[in-house]
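Asker: Handing over model_5.cif, mmCIF, C-alpha atoms.
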data_query
#
loop_
_atom_site.label_atom_id
_atom_site.label_comp_id
_atom_site.auth_asym_id
_atom_site.auth_seq_id
_atom_site.Cartn_x
_atom_site.Cartn_y
_atom_site.Cartn_z
CA MET A 22 -15.03 3.61 -16.81
CA VAL A 23 -11.98 1.31 -16.73
CA TRP A 24 -13.38 -0.86 -13.93
CA ALA A 25 -16.58 -1.48 -15.87
CA ARG A 26 -14.85 -3.78 -18.39
CA TRP A 27 -14.90 -7.54 -17.99
CA PRO A 28 -11.74 -9.66 -18.26
CA ALA A 29 -10.97 -11.34 -21.58
CA PRO A 30 -13.16 -14.42 -22.22
CA GLY A 31 -10.04 -16.47 -22.89
CA LEU A 32 -8.94 -15.91 -19.30
CA TRP A 33 -12.17 -17.42 -18.01
CA VAL A 34 -11.94 -20.42 -20.35
CA ALA A 35 -8.32 -21.11 -19.42
CA GLY A 36 -9.10 -20.73 -15.73
CA CYS A 37 -12.07 -23.11 -15.84
CA GLY A 38 -10.12 -25.69 -17.82
CA LEU A 39 -7.15 -25.55 -15.49
CA LEU A 40 -9.32 -25.83 -12.40
CA LEU A 41 -11.21 -28.80 -13.87
CA LEU A 42 -7.97 -30.62 -14.65
CA ALA A 43 -6.63 -29.90 -11.17
CA VAL A 44 -9.78 -31.28 -9.56
CA VAL A 45 -9.61 -34.49 -11.65
CA LEU A 46 -6.01 -35.07 -10.65
CA LEU A 47 -6.63 -34.35 -6.99
CA LEU A 48 -9.55 -36.79 -6.88
CA SER A 49 -7.69 -39.55 -8.67
CA PRO A 50 -6.89 -42.53 -6.39
CA ARG A 51 -3.49 -43.09 -8.04
CA SER A 52 -0.58 -41.42 -6.27
CA CYS A 53 2.61 -41.89 -8.26
CA ARG A 54 5.39 -39.34 -7.87
CA VAL A 55 4.81 -37.84 -11.33
CA ARG A 56 1.13 -37.40 -10.60
CA ARG A 57 1.87 -35.72 -7.27
CA GLY A 58 4.33 -33.38 -8.92
CA LEU A 59 1.88 -32.56 -11.69
CA ARG A 60 -0.82 -31.89 -9.12
CA GLY A 61 1.45 -29.49 -7.24
CA LEU A 62 2.39 -27.67 -10.44
CA LEU A 63 -1.21 -27.33 -11.54
CA MET A 64 -2.35 -26.16 -8.12
CA THR A 65 0.35 -23.50 -8.06
CA ARG A 66 -0.58 -22.28 -11.52
CA SER A 67 -4.29 -22.46 -10.80
CA GLN A 68 -3.79 -20.37 -7.67
CA ARG A 69 -1.97 -17.76 -9.73
CA LEU A 70 -4.67 -17.83 -12.36
CA LEU A 71 -7.40 -17.57 -9.74
CA PHE A 72 -5.61 -14.56 -8.30
CA ARG A 73 -5.39 -12.95 -11.76
CA ILE A 74 -9.09 -13.48 -12.29
CA GLY A 75 -9.98 -12.15 -8.83
CA TYR A 76 -7.66 -9.16 -9.21
CA SER A 77 -9.12 -8.35 -12.62
CA LEU A 78 -12.63 -8.50 -11.20
CA TYR A 79 -11.63 -6.22 -8.31
CA THR A 80 -9.89 -3.59 -10.42
CA ARG A 81 -11.88 -3.69 -13.69
CA THR A 82 -15.52 -4.40 -12.86
CA TRP A 83 -18.29 -3.14 -10.60
CA LEU A 84 -17.75 -6.22 -8.38
CA GLY A 85 -14.65 -4.55 -6.97
CA TYR A 86 -16.68 -1.52 -5.95
CA LEU A 87 -19.30 -3.73 -4.28
CA PHE A 88 -16.56 -5.53 -2.35
CA TYR A 89 -15.14 -2.18 -1.24
CA ARG A 90 -18.57 -1.04 -0.05
CA GLN A 91 -18.93 -4.21 2.00
CA GLN A 92 -15.48 -3.59 3.55
CA LEU A 93 -16.54 -0.06 4.35
CA ARG A 94 -19.74 -1.11 6.13
CA ARG A 95 -18.00 -3.76 8.19
CA ALA A 96 -15.20 -1.42 9.23
CA ARG A 97 -17.62 1.34 10.23
CA ASN A 98 -19.54 -1.12 12.40
CA ARG A 99 -16.43 -2.63 13.96
CA TYR A 100 -14.45 0.60 14.40
CA PRO A 101 -16.96 3.45 14.78
CA LYS A 102 -14.12 5.74 15.95
CA GLY A 103 -11.45 4.31 13.67
CA HIS A 104 -9.10 1.37 14.01
CA SER A 105 -6.33 3.44 15.66
CA LYS A 106 -5.86 6.58 17.72
CA THR A 107 -3.92 9.16 15.74
CA GLN A 108 -2.18 12.43 16.50
CA PRO A 109 -1.67 15.26 13.99
CA ARG A 110 1.78 16.67 13.35
CA LEU A 111 1.93 20.47 13.52
CA PHE A 112 4.60 22.47 11.77
CA ASN A 113 4.93 26.17 10.96
CA GLY A 114 1.52 26.77 9.41
CA VAL A 115 1.09 23.19 8.18
CA LYS A 116 -0.77 20.27 9.76
CA VAL A 117 -0.68 16.62 8.74
CA LEU A 118 -3.70 14.74 10.07
CA PRO A 119 -3.85 10.92 9.74
CA ILE A 120 -7.39 9.53 9.45
CA PRO A 121 -7.87 5.82 10.28
CA VAL A 122 -10.24 4.25 7.75
CA LEU A 123 -11.45 0.75 6.86
CA SER A 124 -9.78 -1.97 8.97
CA ASP A 125 -6.15 -0.81 8.68
CA ASN A 126 -5.89 1.96 6.05
CA TYR A 127 -4.87 5.55 6.59
CA SER A 128 -6.13 8.57 4.71
CA TYR A 129 -4.52 11.96 5.35
CA LEU A 130 -5.42 15.62 5.39
CA ILE A 131 -2.58 18.02 4.61
CA ILE A 132 -3.66 21.46 5.79
CA ASP A 133 -2.34 24.94 5.15
CA THR A 134 -3.58 26.34 8.46
CA GLN A 135 -3.08 29.98 7.47
CA ALA A 136 -5.12 29.71 4.26
CA GLY A 137 -7.61 27.17 5.64
CA LEU A 138 -7.04 24.90 2.62
CA ALA A 139 -6.77 21.12 2.72
CA VAL A 140 -5.54 18.30 0.50
CA ALA A 141 -6.80 14.75 1.08
CA VAL A 142 -4.58 11.76 0.34
CA ASP A 143 -6.29 8.45 -0.54
CA PRO A 144 -9.71 9.30 0.98
CA SER A 145 -11.21 5.79 0.97
CA ASP A 146 -13.94 6.56 3.53
CA PRO A 147 -15.56 9.84 2.46
CA ARG A 148 -17.62 10.05 5.66
CA ALA A 149 -14.56 9.91 7.93
CA VAL A 150 -12.62 12.37 5.75
CA GLN A 151 -15.56 14.79 5.59
CA ALA A 152 -15.92 14.66 9.38
CA SER A 153 -12.26 15.68 9.74
CA ILE A 154 -12.69 18.47 7.19
CA GLU A 155 -15.63 19.89 9.14
CA LYS A 156 -13.86 19.52 12.47
CA GLU A 157 -10.81 21.38 11.16
CA GLY A 158 -12.96 24.04 9.49
CA VAL A 159 -11.04 23.91 6.21
CA THR A 160 -11.87 23.83 2.51
CA LEU A 161 -10.99 20.72 0.53
CA VAL A 162 -9.41 21.78 -2.76
CA ALA A 163 -7.54 18.67 -3.91
CA ILE A 164 -7.47 14.88 -3.64
CA LEU A 165 -4.18 13.08 -4.21
CA CYS A 166 -4.68 9.43 -5.13
CA THR A 167 -1.67 7.12 -4.98
CA HIS A 168 -3.35 4.36 -7.03
CA LYS A 169 -6.63 2.93 -8.28
CA HIS A 170 -7.42 0.27 -5.65
CA TRP A 171 -10.76 0.98 -4.02
CA ASP A 172 -9.36 1.04 -0.48
CA HIS A 173 -7.43 4.15 -1.58
CA SER A 174 -9.73 5.74 -4.16
CA GLY A 175 -13.23 4.81 -2.97
CA GLY A 176 -14.07 8.26 -1.60
CA ASN A 177 -13.15 10.22 -4.72
CA ARG A 178 -16.68 10.36 -6.09
CA ASP A 179 -18.52 11.50 -2.97
CA LEU A 180 -15.94 14.08 -1.92
CA SER A 181 -15.47 15.57 -5.40
CA ARG A 182 -19.24 15.91 -5.75
CA ARG A 183 -19.59 17.49 -2.32
CA HIS A 184 -16.69 19.91 -2.90
CA ARG A 185 -17.36 21.20 -6.41
CA ASP A 186 -14.00 22.94 -6.85
CA CYS A 187 -12.02 19.94 -5.62
CA ARG A 188 -9.51 18.54 -8.10
CA VAL A 189 -8.65 14.81 -8.21
CA TYR A 190 -5.01 14.09 -9.00
CA GLY A 191 -3.33 10.81 -9.91
CA SER A 192 -1.66 8.83 -12.65
CA PRO A 193 -3.52 8.53 -15.97
CA GLN A 194 -2.07 5.01 -16.31
CA ASP A 195 -3.96 3.72 -13.30
CA GLY A 196 -7.66 4.14 -14.09
CA ILE A 197 -8.30 6.20 -10.96
CA PRO A 198 -12.01 6.92 -10.41
CA TYR A 199 -13.09 10.52 -11.11
CA LEU A 200 -9.60 11.66 -12.06
CA THR A 201 -9.62 15.28 -13.25
CA HIS A 202 -5.94 16.26 -13.23
CA PRO A 203 -3.45 13.63 -14.49
CA LEU A 204 0.06 13.76 -13.04
CA CYS A 205 3.42 12.58 -14.32
CA HIS A 206 6.70 11.92 -12.53
CA GLN A 207 8.04 15.07 -10.83
CA ASP A 208 4.87 17.13 -11.38
CA VAL A 209 4.15 19.55 -8.52
CA VAL A 210 0.75 20.32 -7.00
CA SER A 211 0.57 23.73 -5.29
CA VAL A 212 -2.07 24.54 -2.68
CA GLY A 213 -1.41 27.66 -0.61
CA ARG A 214 2.01 27.12 0.97
CA LEU A 215 1.90 23.41 0.19
CA GLN A 216 4.24 22.20 -2.54
CA ILE A 217 3.63 18.51 -3.21
CA ARG A 218 5.67 16.57 -5.76
CA ALA A 219 4.40 13.40 -7.44
CA LEU A 220 6.95 10.60 -7.88
CA ALA A 221 6.24 7.67 -10.19
CA THR A 222 6.70 4.40 -8.29
CA PRO A 223 5.20 1.58 -10.38
CA GLY A 224 5.12 -2.02 -9.21
CA HIS A 225 2.15 -2.34 -6.90
CA THR A 226 0.13 -0.95 -9.79
CA GLN A 227 1.31 0.28 -13.16
CA GLY A 228 0.64 3.93 -12.35
CA HIS A 229 1.34 4.05 -8.61
CA LEU A 230 2.46 7.47 -7.37
CA VAL A 231 3.82 8.63 -4.05
CA TYR A 232 3.57 12.26 -2.92
CA LEU A 233 6.36 14.28 -1.32
CA LEU A 234 5.41 17.39 0.65
CA ASP A 235 8.34 19.79 0.50
CA GLY A 236 9.35 20.87 4.00
CA GLU A 237 11.26 23.98 2.91
CA PRO A 238 8.30 26.43 2.71
CA TYR A 239 7.35 25.74 6.34
CA LYS A 240 10.90 25.07 7.61
CA GLY A 241 10.11 21.52 8.67
CA PRO A 242 10.75 17.96 7.55
CA SER A 243 9.49 16.77 4.20
CA CYS A 244 6.63 14.25 4.32
CA LEU A 245 6.28 11.20 2.08
CA PHE A 246 2.78 9.81 1.55
CA SER A 247 3.68 6.39 0.27
CA GLY A 248 0.35 4.64 -0.42
CA ASP A 249 1.08 0.96 -0.95
CA LEU A 250 4.70 1.33 -2.01
CA LEU A 251 6.31 1.52 1.42
CA PHE A 252 5.13 0.75 4.95
CA LEU A 253 6.85 0.83 8.30
CA SER A 254 9.30 -2.08 7.89
CA GLY A 255 7.58 -3.36 4.75
CA CYS A 256 6.64 -2.74 1.14
CA GLY A 257 3.63 -3.42 -1.05
CA ARG A 258 2.98 -6.45 -3.22
CA THR A 259 4.03 -6.34 -6.84
CA PHE A 260 0.65 -6.76 -8.54
CA GLU A 261 1.36 -5.08 -11.88
CA GLY A 262 5.10 -5.12 -12.30
CA THR A 263 8.27 -7.10 -11.71
CA ALA A 264 10.72 -7.28 -8.84
CA GLU A 265 13.02 -5.04 -10.88
CA THR A 266 10.24 -2.46 -11.25
CA MET A 267 9.50 -2.48 -7.53
CA LEU A 268 13.19 -2.26 -6.66
CA SER A 269 13.57 0.81 -8.87
CA SER A 270 10.58 2.43 -7.14
CA LEU A 271 12.01 1.69 -3.70
CA ASP A 272 15.34 3.18 -4.81
CA THR A 273 13.47 6.36 -5.76
CA VAL A 274 12.39 6.64 -2.14
CA LEU A 275 15.86 5.73 -0.86
CA GLY A 276 17.15 8.84 -2.59
CA LEU A 277 15.20 11.09 -0.20
CA GLY A 278 16.59 12.53 3.03
CA ASP A 279 16.80 10.57 6.29
CA ASP A 280 14.61 13.08 8.14
CA THR A 281 11.72 12.64 5.67
CA LEU A 282 8.61 11.54 7.55
CA LEU A 283 6.96 8.38 6.21
CA TRP A 284 3.15 8.36 6.19
CA PRO A 285 2.11 4.91 4.86
CA GLY A 286 -1.23 3.71 3.52
CA HIS A 287 -1.72 0.94 6.11
CA GLU A 288 -1.14 0.05 9.75
CA TYR A 289 1.11 -2.99 9.25
CA ALA A 290 3.94 -2.11 11.61
CA GLU A 291 3.78 -4.93 14.15
CA GLU A 292 3.39 -7.68 11.55
CA ASN A 293 6.16 -6.24 9.36
CA LEU A 294 8.64 -5.87 12.21
CA GLY A 295 7.90 -9.44 13.25
CA PHE A 296 8.93 -10.64 9.82
CA ALA A 297 12.02 -8.38 9.82
CA GLY A 298 13.06 -10.16 13.02
CA VAL A 299 12.97 -13.49 11.19
CA VAL A 300 15.39 -12.41 8.47
CA GLU A 301 17.60 -10.20 10.69
CA PRO A 302 17.16 -11.46 14.28
CA GLU A 303 20.20 -9.54 15.57
CA ASN A 304 19.16 -6.14 14.23
CA LEU A 305 19.03 -3.97 17.37
CA ALA A 306 17.33 -1.06 15.61
CA ARG A 307 14.48 -3.38 14.67
CA GLU A 308 14.22 -4.71 18.23
CA ARG A 309 13.99 -1.21 19.70
CA LYS A 310 11.36 -0.20 17.16
CA MET A 311 9.37 -3.37 17.82
CA GLN A 312 9.22 -2.65 21.53
CA TRP A 313 7.92 0.84 20.85
CA VAL A 314 5.36 -0.41 18.30
CA GLN A 315 4.05 -3.06 20.67
CA ARG A 316 3.49 -0.44 23.36
CA GLN A 317 1.66 1.73 20.85
CA ARG A 318 -0.55 -1.08 19.57
CA MET A 319 -1.48 -2.25 23.06
CA GLU A 320 -3.27 1.08 23.38
CA ARG A 321 -4.42 1.02 19.73
CA ARG A 322 -2.26 4.02 18.94
CA SER A 323 -1.04 4.69 15.43
CA THR A 324 2.58 3.91 14.63
CA CYS A 325 2.99 6.55 11.91
CA PRO A 326 5.01 8.40 11.01
CA SER A 327 8.44 6.84 11.01
CA THR A 328 11.38 8.39 9.18
CA LEU A 329 13.27 7.16 6.16
CA GLY A 330 16.41 7.16 8.27
CA GLU A 331 14.76 4.68 10.63
CA GLU A 332 13.45 2.58 7.76
CA ARG A 333 16.93 2.20 6.31
CA SER A 334 18.05 0.63 9.58
CA TYR A 335 15.41 -2.13 9.92
CA ASN A 336 13.17 -2.37 6.84
CA PRO A 337 14.47 -5.45 4.96
CA PHE A 338 12.90 -4.32 1.68
CA LEU A 339 15.11 -1.21 1.79
CA ARG A 340 18.20 -3.21 2.78
CA THR A 341 18.73 -5.44 -0.25
CA HIS A 342 22.10 -3.77 -0.75
CA CYS A 343 23.23 -4.73 2.77
CA LEU A 344 25.73 -7.58 3.03
CA ALA A 345 24.27 -8.72 6.36
CA LEU A 346 20.85 -9.32 4.83
CA GLN A 347 22.32 -11.00 1.75
CA GLU A 348 24.27 -13.38 3.96
CA ALA A 349 21.24 -14.07 6.14
CA LEU A 350 19.17 -15.19 3.15
CA GLY A 351 21.99 -17.04 1.42
CA PRO A 352 22.63 -17.34 -2.31
CA GLY A 353 19.69 -16.85 -4.59
CA PRO A 354 18.33 -19.09 -7.33
CA GLY A 355 20.98 -18.11 -9.87
CA PRO A 356 22.99 -20.50 -12.05
CA THR A 357 25.65 -20.99 -9.37
CA ALA A 358 25.81 -20.31 -5.67
CA ASP A 359 28.97 -18.23 -6.13
CA GLU A 360 27.11 -15.68 -8.19
CA GLY A 361 24.78 -15.02 -5.28
CA CYS A 362 21.59 -13.17 -6.10
CA SER A 363 20.83 -9.78 -7.52
CA ARG A 364 19.00 -7.19 -5.42
CA ALA A 365 15.84 -7.84 -7.43
CA GLN A 366 16.08 -11.57 -6.73
CA LEU A 367 16.66 -10.81 -3.07
CA LEU A 368 13.58 -8.59 -3.03
CA GLU A 369 11.55 -11.39 -4.62
CA GLU A 370 12.84 -13.88 -2.05
CA LEU A 371 11.91 -11.52 0.78
CA ARG A 372 8.39 -11.27 -0.64
CA ARG A 373 8.12 -15.07 -0.82
CA LEU A 374 9.36 -15.50 2.75
CA LYS A 375 6.99 -12.78 3.95
CA ASP A 376 4.03 -14.61 2.40
CA MET A 377 5.13 -17.87 4.08
CA HIS A 378 5.55 -16.08 7.41
CA LYS A 379 2.10 -14.53 7.14
CA SER A 380 0.43 -17.85 6.35
CA LYS A 381 1.75 -19.56 9.50
#
Can you present the structure in this file as structure tokens?
Answerer:
Amino acid sequence: MVWARWPAPGLWVAGCGLLLLAVVLLLSPRSCRVRRGLRGLLMTRSQRLLFRIGYSLYTRTWLGYLFYRQQLRRARNRYPKGHSKTQPRLFNGVKVLPIPVLSDNYSYLIIDTQAGLAVAVDPSDPRAVQASIEKEGVTLVAILCTHKHWDHSGGNRDLSRRHRDCRVYGSPQDGIPYLTHPLCHQDVVSVGRLQIRALATPGHTQGHLVYLLDGEPYKGPSCLFSGDLLFLSGCGRTFEGTAETMLSSLDTVLGLGDDTLLWPGHEYAEENLGFAGVVEPENLARERKMQWVQRQRMERRSTCPSTLGEERSYNPFLRTHCLALQEALGPGPGPTADEGCSRAQLLEELRRLKDMHKSK
């Protein structure tokens, strides 16, 4: 499998050499300005290299799977009933059931209640997903995987083995475990009355997909299962792409209707809205949403779904076209201040500020 390969030996050699040089400089008693600057540069690059090595180990070797299993055990012990209290959304013959898994992830069951058929989205804890399947009394016929990371794909093996006719969908570019049915942009998966369209949204990973449940067959709102592309008031990290790639993926989502329900892959709402208040402190829509989220989280209630219409009003990562946000962050790192910054540069600056905010 893809994750069974080891990173290139050159990466290890470069990483070890860079770390050794950084240690020598840090331990040196001399402290001239050039030396301090060189130390800072090397530390920054070594941190990036360390991340690349760690990320490669997580996504391409069995060590990533072992780490995921450890996460799973800890979360089951800490949250035996799940990290959040969730409520299903019922439509005309369709049910969307959020399942809290790990420490802050969400898996989902999309159920055609008339046919008794279910689709699982990102089933990272197979035990929790199976319990919901049995409680609902439905047959699992498909797994939709947004991307390869173990906290979204870790349950593929157990569930596909338990449900022999279950198909595993996802991008062939992403090395998804136990993939049986590769999907491309705009492909549609049909299960009973459910019509679910895959949209290519690379950036977080090379083959990241989001899934759009068409609301027309059941005369209800469409539902977007966004994985790690989009969260309530936030967006995912760009691990395998550029800011331009991520911006294009976010624009794909921006093209959907305001009443589309957003079902994200993580419970990050309170943290994300806190950061949104730093960059747009006078945004009243954000303030109202924050008050609601805080009430929800005090009782450990889930904050999903929101709507794309709401997200446009307070999610800074969807507002890079807004003059108010551009003015709040000031000119970007372009050649001159008058040129300002492109939307991609603004997105990158938001990501940098978010990381700084999180580390405080």
Asker: Hey, which of A:Gly75, A:Gly236, A:Gly295, A:Gly103 ends up closest to Ala149 (chain A)? Count only C-alpha atoms.
Answerer: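 So, comparing all the options, the nearest one is A:Gly103.
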Asker: Using only C-alpha atoms, what does the table of region 224-258 of chain A residues within 6 Å of region 280-290 of chain A look like, with each row giving the shortest atom pair and its distance in Å to one decimal, sorted by chain and ascending number, as CSV?
Answerer:
residue,atom,partner,partner_atom,distance
A:Pro242,CA,A:Thr281,CA,5.7
A:Ser243,CA,A:Thr281,CA,4.9
A:Cys244,CA,A:Leu282,CA,4.7
A:Leu245,CA,A:Leu283,CA,5.0
A:Phe246,CA,A:Trp284,CA,4.9
A:Ser247,CA,A:Pro285,CA,5.1
A:Gly248,CA,A:Gly286,CA,4.3
A:Asp249,CA,A:Gly286,CA,5.7
A:Phe252,CA,A:Pro285,CA,5.1
A:Leu253,CA,A:Ala290,CA,5.3
Asker: Enter the distance from CA of Leu294 (chain A) to CA of Tyr79 (chain A), in Å, rounded to one decimal.
Answerer: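 Here the two named atoms are 28.8 Å from each other.
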Asker: Go through region 200-256 of chain A residue by residue and, counting all atoms listed in the file, keep those with an atom at most 7 Å from region 114-136 of chain A; for each kept residue give the shortest atom pair and its distance in Å to one decimal, ordered by chain and increasing number, as JSON lines.
Answerer:
{"residue": "A:Gly213", "atom": "CA", "partner": "A:Asp133", "partner_atom": "CA", "distance": 6.4}
{"residue": "A:Arg214", "atom": "CA", "partner": "A:Asp133", "partner_atom": "CA", "distance": 6.4}
{"residue": "A:Leu215", "atom": "CA", "partner": "A:Asp133", "partner_atom": "CA", "distance": 6.7}
{"residue": "A:Tyr239", "atom": "CA", "partner": "A:Gly114", "partner_atom": "CA", "distance": 6.7}
Asker: To one decimal place, how far is CA of Thr263 (chain A) from CA of Arg73 (chain A) in Å?
Answerer: 14.9 Å
Asker: Any chance you could work out the residue set of the PyMOL selection byres ((chain A and resi 86) around 12) here, as a list in words?
Answerer: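 After applying the PyMOL selection byres ((chain A and resi 86) around 12), what remains is Trp24, Ala25, Leu78, Tyr79, Thr80, Arg81, Thr82, Trp83, Leu84, Gly85, Leu87, Phe88, Tyr89, Arg90, Gln91, Gln92, Leu93, Ser145, Lys169, His170, Trp171, Asp172, His173, Ser174, Gly175, Gly176, Arg178 and Pro198 of chain A.
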Asker: Take the PyMOL selection byres ((chain A and resi 331) around 10), run it mentally on this structure, and tell me the resulting residues as a ChimeraX atom specification.
Answerer: /A:253-254,279-283,306-307,310,327-330,332-336
Asker: Could you list, as a list in words, every residue matched by the PyMOL selection byres ((chain A and resi 205) around 12) in this structure?
Answerer: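 So the PyMOL selection byres ((chain A and resi 205) around 12), applied here, picks out Thr167, Tyr190, Gly191, Ser192, Pro193, Gln194, Asp195, His202, Pro203, Leu204, His206, Gln207, Asp208, Val209, Val210, Arg218, Ala219, Leu220, Ala221, Thr222, Pro223, Gly228, His229, Leu230, Val231 and Tyr232 of chain A.
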Asker: For the selection you just gave me, I'd like the residues written to a file as a PDB file, in the frame of the given file, keeping C-alpha atoms.
Answerer:
ATOM      1  CA  THR A 167      -1.670   7.120  -4.980  1.00  0.00           C
ATOM      2  CA  TYR A 190      -5.010  14.090  -9.000  1.00  0.00           C
ATOM      3  CA  GLY A 191      -3.330  10.810  -9.910  1.00  0.00           C
ATOM      4  CA  SER A 192      -1.660   8.830 -12.650  1.00  0.00           C
ATOM      5  CA  PRO A 193      -3.520   8.530 -15.970  1.00  0.00           C
ATOM      6  CA  GLN A 194      -2.070   5.010 -16.310  1.00  0.00           C
ATOM      7  CA  ASP A 195      -3.960   3.720 -13.300  1.00  0.00           C
ATOM      8  CA  HIS A 202      -5.940  16.260 -13.230  1.00  0.00           C
ATOM      9  CA  PRO A 203      -3.450  13.630 -14.490  1.00  0.00           C
ATOM     10  CA  LEU A 204       0.060  13.760 -13.040  1.00  0.00           C
ATOM     11  CA  HIS A 206       6.700  11.920 -12.530  1.00  0.00           C
ATOM     12  CA  GLN A 207       8.040  15.070 -10.830  1.00  0.00           C
ATOM     13  CA  ASP A 208       4.870  17.130 -11.380  1.00  0.00           C
ATOM     14  CA  VAL A 209       4.150  19.550  -8.520  1.00  0.00           C
ATOM     15  CA  VAL A 210       0.750  20.320  -7.000  1.00  0.00           C
ATOM     16  CA  ARG A 218       5.670  16.570  -5.760  1.00  0.00           C
ATOM     17  CA  ALA A 219       4.400  13.400  -7.440  1.00  0.00           C
ATOM     18  CA  LEU A 220       6.950  10.600  -7.880  1.00  0.00           C
ATOM     19  CA  ALA A 221       6.240   7.670 -10.190  1.00  0.00           C
ATOM     20  CA  THR A 222       6.700   4.400  -8.290  1.00  0.00           C
ATOM     21  CA  PRO A 223       5.200   1.580 -10.380  1.00  0.00           C
ATOM     22  CA  GLY A 228       0.640   3.930 -12.350  1.00  0.00           C
ATOM     23  CA  HIS A 229       1.340   4.050  -8.610  1.00  0.00           C
ATOM     24  CA  LEU A 230       2.460   7.470  -7.370  1.00  0.00           C
ATOM     25  CA  VAL A 231       3.820   8.630  -4.050  1.00  0.00           C
ATOM     26  CA  TYR A 232       3.570  12.260  -2.920  1.00  0.00           C
TER      27      TYR A 232
END
Asker: How many Å separate CA of Val142 (chain A) from CA of His104 (chain A)?
Answerer: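 Interatomic distance, CA of Val142 (chain A) to CA of His104 (chain A): 17.8 Å.
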Asker: Take the point (23.0, 0.5, -3.8) as written in the file and pick out every residue within 9 Å of it, counting all atoms listed in the file; give the list as a CSV table (one decimal) with C-alpha atoms, keeping the file's coordinate frame.
Answerer:
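What landed in selection-v2.csv:
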chain,number,residue,atom,x,y,z
A,272,ASP,CA,15.3,3.2,-4.8
A,340,ARG,CA,18.2,-3.2,2.8
A,341,THR,CA,18.7,-5.4,-0.2
A,342,HIS,CA,22.1,-3.8,-0.8
A,343,CYS,CA,23.2,-4.7,2.8
A,364,ARG,CA,19.0,-7.2,-5.4
Asker: Go through A:Asp143, A:Asp179, A:Glu265, A:Glu292 and flag the residue nearest His378 (chain A), using all atoms listed in the file for the distances.
Answerer: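 Checking each candidate against His378 (chain A), we get A:Glu292 as the closest.
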Asker: Counting all atoms listed in the file, figure out which residue out of A:Val299, A:Leu111, A:Leu180, A:Ile164 gets nearest to Arg148 (chain A).
Answerer: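 Nearest candidate to Arg148 (chain A) out of A:Val299, A:Leu111, A:Leu180, A:Ile164: A:Leu180.
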Asker: Determine the nearest neighbour of Leu271 (chain A) from the options A:Thr324, A:Leu368, A:Val314, A:Asn293, counting all atoms listed in the file.
Answerer: A:Leu368
